Structures are given as structure tokens and as C-alpha cells.
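Peer 1: Next up, run_18.cif (mmCIF, C-alpha atoms, pLDDT in the B column; chains and numbers go by the auth columns).
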```
data_model
#
loop_
_atom_site.group_PDB
_atom_site.id
_atom_site.type_symbol
_atom_site.label_atom_id
_atom_site.label_comp_id
_atom_site.label_asym_id
_atom_site.label_seq_id
_atom_site.Cartn_x
_atom_site.Cartn_y
_atom_site.Cartn_z
_atom_site.B_iso_or_equiv
_atom_site.auth_seq_id
_atom_site.auth_asym_id
ATOM 1 C CA MET A 1 88.674 86.269 86.451 54.00 36 A
ATOM 2 C CA THR A 2 85.565 88.057 85.220 61.00 37 A
ATOM 3 C CA VAL A 3 85.898 91.744 84.459 60.00 38 A
ATOM 4 C CA LYS A 4 82.762 93.810 84.948 68.00 39 A
ATOM 5 C CA LYS A 5 81.932 95.929 81.917 77.00 40 A
ATOM 6 C CA TRP A 6 81.241 99.548 82.845 76.00 41 A
ATOM 7 C CA GLN A 7 77.884 101.035 81.943 83.00 42 A
ATOM 8 C CA LYS A 8 77.511 104.369 80.169 89.00 43 A
ATOM 9 C CA ALA A 9 76.568 107.342 82.312 88.00 44 A
ATOM 10 C CA PRO A 10 72.863 108.198 82.016 89.00 45 A
ATOM 11 C CA PRO A 11 72.298 111.197 79.693 93.00 46 A
ATOM 12 C CA GLU A 12 70.486 113.094 82.457 95.00 47 A
ATOM 13 C CA ASN A 13 73.574 112.767 84.700 94.00 48 A
ATOM 14 C CA VAL A 14 75.815 114.056 81.904 94.00 49 A
ATOM 15 C CA ALA A 15 73.487 117.041 81.340 96.00 50 A
ATOM 16 C CA ALA A 16 73.403 117.843 85.076 96.00 51 A
ATOM 17 C CA PHE A 17 77.196 117.453 85.291 96.00 52 A
ATOM 18 C CA ASP A 18 77.722 119.941 82.465 96.00 53 A
ATOM 19 C CA ALA A 19 75.176 122.398 83.897 97.00 54 A
ATOM 20 C CA ALA A 20 76.785 122.318 87.353 97.00 55 A
ATOM 21 C CA LEU A 21 80.419 122.490 86.225 97.00 56 A
ATOM 22 C CA PRO A 22 82.054 125.642 87.646 96.00 57 A
ATOM 23 C CA SER A 23 83.018 128.292 85.129 94.00 58 A
ATOM 24 C CA HIS A 24 86.575 128.940 86.205 95.00 59 A
ATOM 25 C CA PRO A 25 89.358 129.785 83.745 96.00 60 A
ATOM 26 C CA LYS A 26 91.494 126.834 84.890 95.00 61 A
ATOM 27 C CA VAL A 27 88.734 124.204 84.677 96.00 62 A
ATOM 28 C CA GLU A 28 89.274 121.747 81.860 96.00 63 A
ATOM 29 C CA ARG A 29 86.501 119.310 80.931 96.00 64 A
ATOM 30 C CA ARG A 30 87.870 116.061 79.535 94.00 65 A
ATOM 31 C CA THR A 31 86.794 112.495 79.047 92.00 66 A
ATOM 32 C CA MET A 32 88.401 109.713 81.042 89.00 67 A
ATOM 33 C CA PHE A 33 87.504 106.073 80.416 85.00 68 A
ATOM 34 C CA GLY A 34 84.561 107.361 78.354 85.00 69 A
ATOM 35 C CA TYR A 35 83.118 109.478 81.183 91.00 70 A
ATOM 36 C CA PRO A 36 83.015 113.276 81.506 95.00 71 A
ATOM 37 C CA CYS A 37 85.477 114.601 84.102 96.00 72 A
ATOM 38 C CA ALA A 38 86.842 117.980 85.076 97.00 73 A
ATOM 39 C CA PHE A 39 90.429 118.860 85.909 96.00 74 A
ATOM 40 C CA VAL A 40 92.246 121.860 87.302 97.00 75 A
ATOM 41 C CA ASN A 41 96.031 122.182 87.152 96.00 76 A
ATOM 42 C CA GLY A 42 96.169 118.604 85.868 94.00 77 A
ATOM 43 C CA ASN A 43 94.283 117.178 88.868 96.00 78 A
ATOM 44 C CA MET A 44 90.796 115.698 88.530 95.00 79 A
ATOM 45 C CA PHE A 45 88.253 117.271 90.877 96.00 80 A
ATOM 46 C CA THR A 46 84.980 115.763 89.677 96.00 81 A
ATOM 47 C CA GLY A 47 83.721 113.191 87.256 95.00 82 A
ATOM 48 C CA LEU A 48 81.106 110.676 86.310 95.00 83 A
ATOM 49 C CA HIS A 49 81.505 106.920 86.534 88.00 84 A
ATOM 50 C CA GLU A 50 78.579 104.743 85.480 87.00 85 A
ATOM 51 C CA ASP A 51 75.621 106.311 87.339 87.00 86 A
ATOM 52 C CA ASN A 52 77.834 107.969 89.972 88.00 87 A
ATOM 53 C CA VAL A 53 78.945 111.566 90.300 94.00 88 A
ATOM 54 C CA CYS A 54 82.121 111.819 92.343 94.00 89 A
ATOM 55 C CA VAL A 55 83.805 114.874 93.799 95.00 90 A
ATOM 56 C CA ARG A 56 87.275 115.271 95.297 96.00 91 A
ATOM 57 C CA LEU A 57 86.984 116.830 98.734 96.00 92 A
ATOM 58 C CA GLY A 58 90.052 115.468 100.485 95.00 93 A
ATOM 59 C CA ALA A 59 90.240 112.346 102.643 93.00 94 A
ATOM 60 C CA GLU A 60 88.906 113.942 105.848 95.00 95 A
ATOM 61 C CA ALA A 61 85.990 115.801 104.227 94.00 96 A
ATOM 62 C CA ALA A 62 85.060 112.763 102.142 94.00 97 A
ATOM 63 C CA SER A 63 85.130 110.524 105.222 93.00 98 A
ATOM 64 C CA ALA A 64 82.980 113.016 107.170 94.00 99 A
ATOM 65 C CA ARG A 65 80.351 113.107 104.392 93.00 100 A
ATOM 66 C CA ILE A 66 80.293 109.326 104.227 92.00 101 A
ATOM 67 C CA GLU A 67 79.879 109.054 108.023 93.00 102 A
ATOM 68 C CA LYS A 68 76.949 111.525 107.867 93.00 103 A
ATOM 69 C CA GLY A 69 75.316 109.478 105.105 90.00 104 A
ATOM 70 C CA GLU A 70 75.816 112.263 102.546 90.00 105 A
ATOM 71 C CA GLY A 71 77.666 110.009 100.133 91.00 106 A
ATOM 72 C CA ARG A 72 79.566 106.771 99.882 86.00 107 A
ATOM 73 C CA SER A 73 83.102 105.709 99.145 87.00 108 A
ATOM 74 C CA PHE A 74 84.009 106.051 95.505 87.00 109 A
ATOM 75 C CA CYS A 75 85.309 102.718 94.299 75.00 110 A
ATOM 76 C CA PRO A 76 85.516 102.547 90.474 72.00 111 A
ATOM 77 C CA MET A 77 87.009 99.028 90.611 70.00 112 A
ATOM 78 C CA GLU A 78 86.744 96.364 93.260 74.00 113 A
ATOM 79 C CA GLY A 79 89.302 97.028 95.963 73.00 114 A
ATOM 80 C CA ARG A 80 90.271 100.444 94.528 78.00 115 A
ATOM 81 C CA VAL A 81 88.808 103.009 96.919 77.00 116 A
ATOM 82 C CA MET A 82 89.649 106.598 95.998 83.00 117 A
ATOM 83 C CA LYS A 83 89.934 108.030 99.519 87.00 118 A
ATOM 84 C CA GLU A 84 89.794 111.735 98.610 91.00 119 A
ATOM 85 C CA TYR A 85 86.602 111.276 96.594 93.00 120 A
ATOM 86 C CA VAL A 86 83.008 110.773 97.584 94.00 121 A
ATOM 87 C CA ALA A 87 80.263 109.422 95.339 92.00 122 A
ATOM 88 C CA ILE A 88 77.178 111.471 95.979 89.00 123 A
ATOM 89 C CA PRO A 89 73.845 109.713 96.529 84.00 124 A
ATOM 90 C CA ARG A 90 72.338 108.629 93.215 86.00 125 A
ATOM 91 C CA GLU A 91 69.103 110.487 93.895 90.00 126 A
ATOM 92 C CA HIS A 92 71.113 113.751 93.877 91.00 127 A
ATOM 93 C CA CYS A 93 73.065 113.109 90.646 92.00 128 A
ATOM 94 C CA THR A 94 70.713 115.312 88.615 94.00 129 A
ATOM 95 C CA ASP A 95 70.213 118.007 91.288 95.00 130 A
ATOM 96 C CA VAL A 96 72.141 120.828 89.572 96.00 131 A
ATOM 97 C CA PRO A 97 72.218 123.288 92.531 96.00 132 A
ATOM 98 C CA ARG A 98 73.507 120.552 94.868 94.00 133 A
ATOM 99 C CA LEU A 99 76.059 119.395 92.286 95.00 134 A
ATOM 100 C CA LYS A 100 77.208 122.977 91.736 96.00 135 A
ATOM 101 C CA THR A 101 77.837 123.421 95.476 95.00 136 A
ATOM 102 C CA LEU A 102 79.764 120.152 95.711 95.00 137 A
ATOM 103 C CA MET A 103 81.777 120.853 92.571 96.00 138 A
ATOM 104 C CA GLU A 104 82.718 124.320 93.837 97.00 139 A
ATOM 105 C CA ALA A 105 83.984 122.740 97.077 96.00 140 A
ATOM 106 C CA ALA A 106 85.908 120.120 95.087 96.00 141 A
ATOM 107 C CA LEU A 107 87.380 122.815 92.844 97.00 142 A
ATOM 108 C CA GLY A 108 88.503 124.827 95.884 96.00 143 A
ATOM 109 C CA TYR A 109 90.174 121.802 97.439 97.00 144 A
ATOM 110 C CA THR A 110 91.867 120.744 94.208 96.00 145 A
ATOM 111 C CA LEU A 111 93.103 124.251 93.365 97.00 146 A
ATOM 112 C CA ALA A 112 95.105 124.120 96.603 95.00 147 A
ATOM 113 C CA LEU A 113 96.910 120.924 95.518 93.00 148 A
ATOM 114 C CA THR A 114 100.299 120.957 93.835 89.00 149 A
ATOM 115 C CA PRO A 115 99.761 121.224 90.071 92.00 150 A
ATOM 116 C CA LYS A 116 100.691 118.138 88.106 86.00 151 A
ATOM 117 C CA THR A 117 103.511 118.574 85.670 82.00 152 A
ATOM 118 C CA LYS A 118 103.602 116.827 82.364 74.00 153 A
ATOM 119 C CA LYS A 119 106.109 114.033 82.281 70.00 154 A
ATOM 120 C CA ALA A 120 108.851 114.395 79.754 65.00 155 A
ATOM 121 C CA ASN A 121 108.808 111.800 77.045 67.00 156 A
ATOM 122 C CA ALA A 122 110.979 108.874 77.929 60.00 157 A
ATOM 123 C CA PRO A 123 113.993 108.494 75.679 63.00 158 A
ATOM 124 C CA PRO A 124 113.527 105.792 73.087 63.00 159 A
ATOM 125 C CA LYS A 125 114.827 102.399 74.039 64.00 160 A
ATOM 126 C CA GLN A 126 118.037 101.451 72.319 65.00 161 A
ATOM 127 C CA GLN A 127 117.658 98.337 70.315 62.00 162 A
ATOM 128 C CA GLN A 128 119.920 95.524 71.273 61.00 163 A
ATOM 129 C CA PRO A 129 121.910 94.088 68.401 61.00 164 A
ATOM 130 C CA LYS A 130 120.398 90.872 67.206 61.00 165 A
ATOM 131 C CA SER A 131 122.434 87.887 68.201 58.00 166 A
ATOM 132 C CA LYS A 132 123.865 85.992 65.327 60.00 167 A
ATOM 133 C CA LYS A 133 123.365 82.311 65.543 60.00 168 A
ATOM 134 C CA LYS A 134 126.131 80.126 64.251 61.00 169 A
ATOM 135 C CA ARG A 135 125.099 77.768 61.565 61.00 170 A
ATOM 136 C CA VAL A 136 126.028 74.245 62.014 62.00 171 A
ATOM 137 C CA SER A 137 126.936 72.559 58.779 60.00 172 A
ATOM 138 C CA LYS A 138 126.267 68.904 58.285 59.00 173 A
#
```
Please render this file's structure as C-alpha cells.
Peer 2:
Amino acid sequence: MTVKKWQKAPPENVAAFDAALPSHPKVERRTMFGYPCAFVNGNMFTGLHEDNVCVRLGAEAASARIEKGEGRSFCPMEGRVMKEYVAIPREHCTDVPRLKTLMEAALGYTLALTPKTKKANAPPKQQQPKSKKKRVSK
């Protein structure tokens, strides 16, 4: 099985992403898989992947945009469609006003989701006693 190596996001997309990112006190910019992303309440609402900008609008809104030709399904890996997300057309990935509008919509949708809670650390596994092998004397 051949695994496709992901390409770095173009610098102009990263600059546009940062310029369009909403300034909201709960927005947290992080890196995921080497790409800039933004989270609110622990949920990702926008991010870059290769030369794509994706926004989380909810399954219905994403589907409607795709049907209108205003984006395409976001599929970071073959067979892994992220139904709530839409990848905006590549020609709009550096259009800061358009990105800002989409990111604001994604932020609004994601703010309404249940915040993610941090998982408690799993208790350490107890080591099983090593079995003692009987020596066989000759």
C-alpha cells in the first residue's frame, strides 16, 4: 500500500489564513499534522491541508455549498470525508475577505457545539509478573 506524502501549505495560503482568522477570545490557533488550524472550545473550525482551506459549517451547510459549486468535500485521506467541512475553491484560498466571512460562519457554528473536555490520563497499566520458566537439568 502506497501512502501519499502530504505537501506543505503554500506560504500565501498560510498568510491569508492568519490574516482572516477571527479575533475572538476563545479562538486558539494551533498546528495539526504540520498545518495551521484554529479551534474553539476544543473543536476545530478551520484549517489548512496541503493547498486547501477548510471550514466547518455543519453537514447541511457544507452539502449545500458543495451542491452550489461553492466548495468541495473535504477529504484529507482517501475514503475519509469530513462531512461537516467544506474545502473552499483553491482560487479563493488567498482571498482574505472571503476567508474571513467563511471563518466567521465556521466559528459561529462551532461555538454552538458542545465543548470538548480533556480526557483524564489513563491509569498506568499494571505490569504482569514475569513468568518463571523451569530449568530442565540434564
Peer 1: Could you work out an axis-aligned box for range 60-72 of chain A, taking every atom the file lists and adding 3 Å on each side, and report centre and edge lengths in Å to one decimal, as AutoDock Vina command-line options?
Peer 2:
```
--center_x 87.3 --center_y 117.9 --center_z 81.6 --size_x 14.5 --size_y 29.7 --size_z 12.5
```
Peer 1: Which of these residues is nearest to Lys151 in chain A, using only C-alpha atoms: A:Gly77, A:Gly69, A:Pro46, A:Pro57?
Peer 2: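 Once distances to Lys151 in chain A are computed over only C-alpha atoms, the minimum belongs to A:Gly77.
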Peer 1: Using all atoms listed in the file, which of A:Ala55, A:Ala44, A:Leu83, A:Val90 sits nearest Thr145 in chain A?
Peer 2: A:Val90
Peer 1: Evaluate the PyMOL selection byres ((chain A and resi 100-115) around 10) against this structure - the residues, as a PDB file with C-alpha atoms, in the coordinates of the input, please.
Peer 2:
```
ATOM      1  CA  VAL A  38      85.898  91.744  84.459  1.00 60.00           C
ATOM      2  CA  LYS A  39      82.762  93.810  84.948  1.00 68.00           C
ATOM      3  CA  TRP A  41      81.241  99.548  82.845  1.00 76.00           C
ATOM      4  CA  HIS A  84      81.505 106.920  86.534  1.00 88.00           C
ATOM      5  CA  GLU A  85      78.579 104.743  85.480  1.00 87.00           C
ATOM      6  CA  ASN A  87      77.834 107.969  89.972  1.00 88.00           C
ATOM      7  CA  VAL A  88      78.945 111.566  90.300  1.00 94.00           C
ATOM      8  CA  CYS A  89      82.121 111.819  92.343  1.00 94.00           C
ATOM      9  CA  VAL A  90      83.805 114.874  93.799  1.00 95.00           C
ATOM     10  CA  ARG A  91      87.275 115.271  95.297  1.00 96.00           C
ATOM     11  CA  LEU A  92      86.984 116.830  98.734  1.00 96.00           C
ATOM     12  CA  GLU A  95      88.906 113.942 105.848  1.00 95.00           C
ATOM     13  CA  ALA A  96      85.990 115.801 104.227  1.00 94.00           C
ATOM     14  CA  ALA A  97      85.060 112.763 102.142  1.00 94.00           C
ATOM     15  CA  SER A  98      85.130 110.524 105.222  1.00 93.00           C
ATOM     16  CA  ALA A  99      82.980 113.016 107.170  1.00 94.00           C
ATOM     17  CA  VAL A 116      88.808 103.009  96.919  1.00 77.00           C
ATOM     18  CA  MET A 117      89.649 106.598  95.998  1.00 83.00           C
ATOM     19  CA  LYS A 118      89.934 108.030  99.519  1.00 87.00           C
ATOM     20  CA  GLU A 119      89.794 111.735  98.610  1.00 91.00           C
ATOM     21  CA  TYR A 120      86.602 111.276  96.594  1.00 93.00           C
ATOM     22  CA  VAL A 121      83.008 110.773  97.584  1.00 94.00           C
ATOM     23  CA  ALA A 122      80.263 109.422  95.339  1.00 92.00           C
ATOM     24  CA  ILE A 123      77.178 111.471  95.979  1.00 89.00           C
ATOM     25  CA  PRO A 124      73.845 109.713  96.529  1.00 84.00           C
ATOM     26  CA  ARG A 125      72.338 108.629  93.215  1.00 86.00           C
ATOM     27  CA  HIS A 127      71.113 113.751  93.877  1.00 91.00           C
TER      28      HIS A 127
END
```
Peer 1: Using only C-alpha atoms, which residue out of A:Val62, A:Ala147, A:Asn48, A:Asp53 lies closest to Gly93 in chain A?
Peer 2: A:Ala147
Peer 1: Using all atoms listed in the file, can you tell me which of A:Asn76, A:Ala94, A:Leu134, A:Asp86 comes closest to Leu148 in chain A?
Peer 2: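 For Leu148 in chain A, the nearest of the candidates is A:Asn76.
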Peer 1: Just to confirm, what's the straight-line distance from CA of Cys128 in chain A to CA of Tyr70 in chain A in Å (one decimal)?
Peer 2: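 Taking CA of Cys128 in chain A and CA of Tyr70 in chain A, their separation equals 14.3 Å.
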Peer 1: In Å to one decimal, how far is CA of Lys61 in chain A from CA of Pro132 in chain A?
Peer 2: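 That distance, rounded to one decimal, is 21.0 Å.
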Peer 1: Can you work out the spacing between CA of Lys135 in chain A and CA of Met67 in chain A in Å, to one decimal?
Peer 2: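 Atom-to-atom, CA of Lys135 in chain A to CA of Met67 in chain A, that is 20.4 Å.
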Peer 1: Return the single residue from A:Leu142, A:Val131, A:Pro45, A:Lys154 that is closest to Asn78 in chain A, with distances computed using all atoms listed in the file.
Peer 2: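 For Asn78 in chain A, the nearest of the candidates is A:Leu142.
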Peer 1: Have a look at A:Lys153, A:Lys43, A:Gly143, A:Val49 and name the one nearest to Phe68 in chain A; count all atoms listed in the file.
Peer 2: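 Nearest to Phe68 in chain A: A:Lys43.
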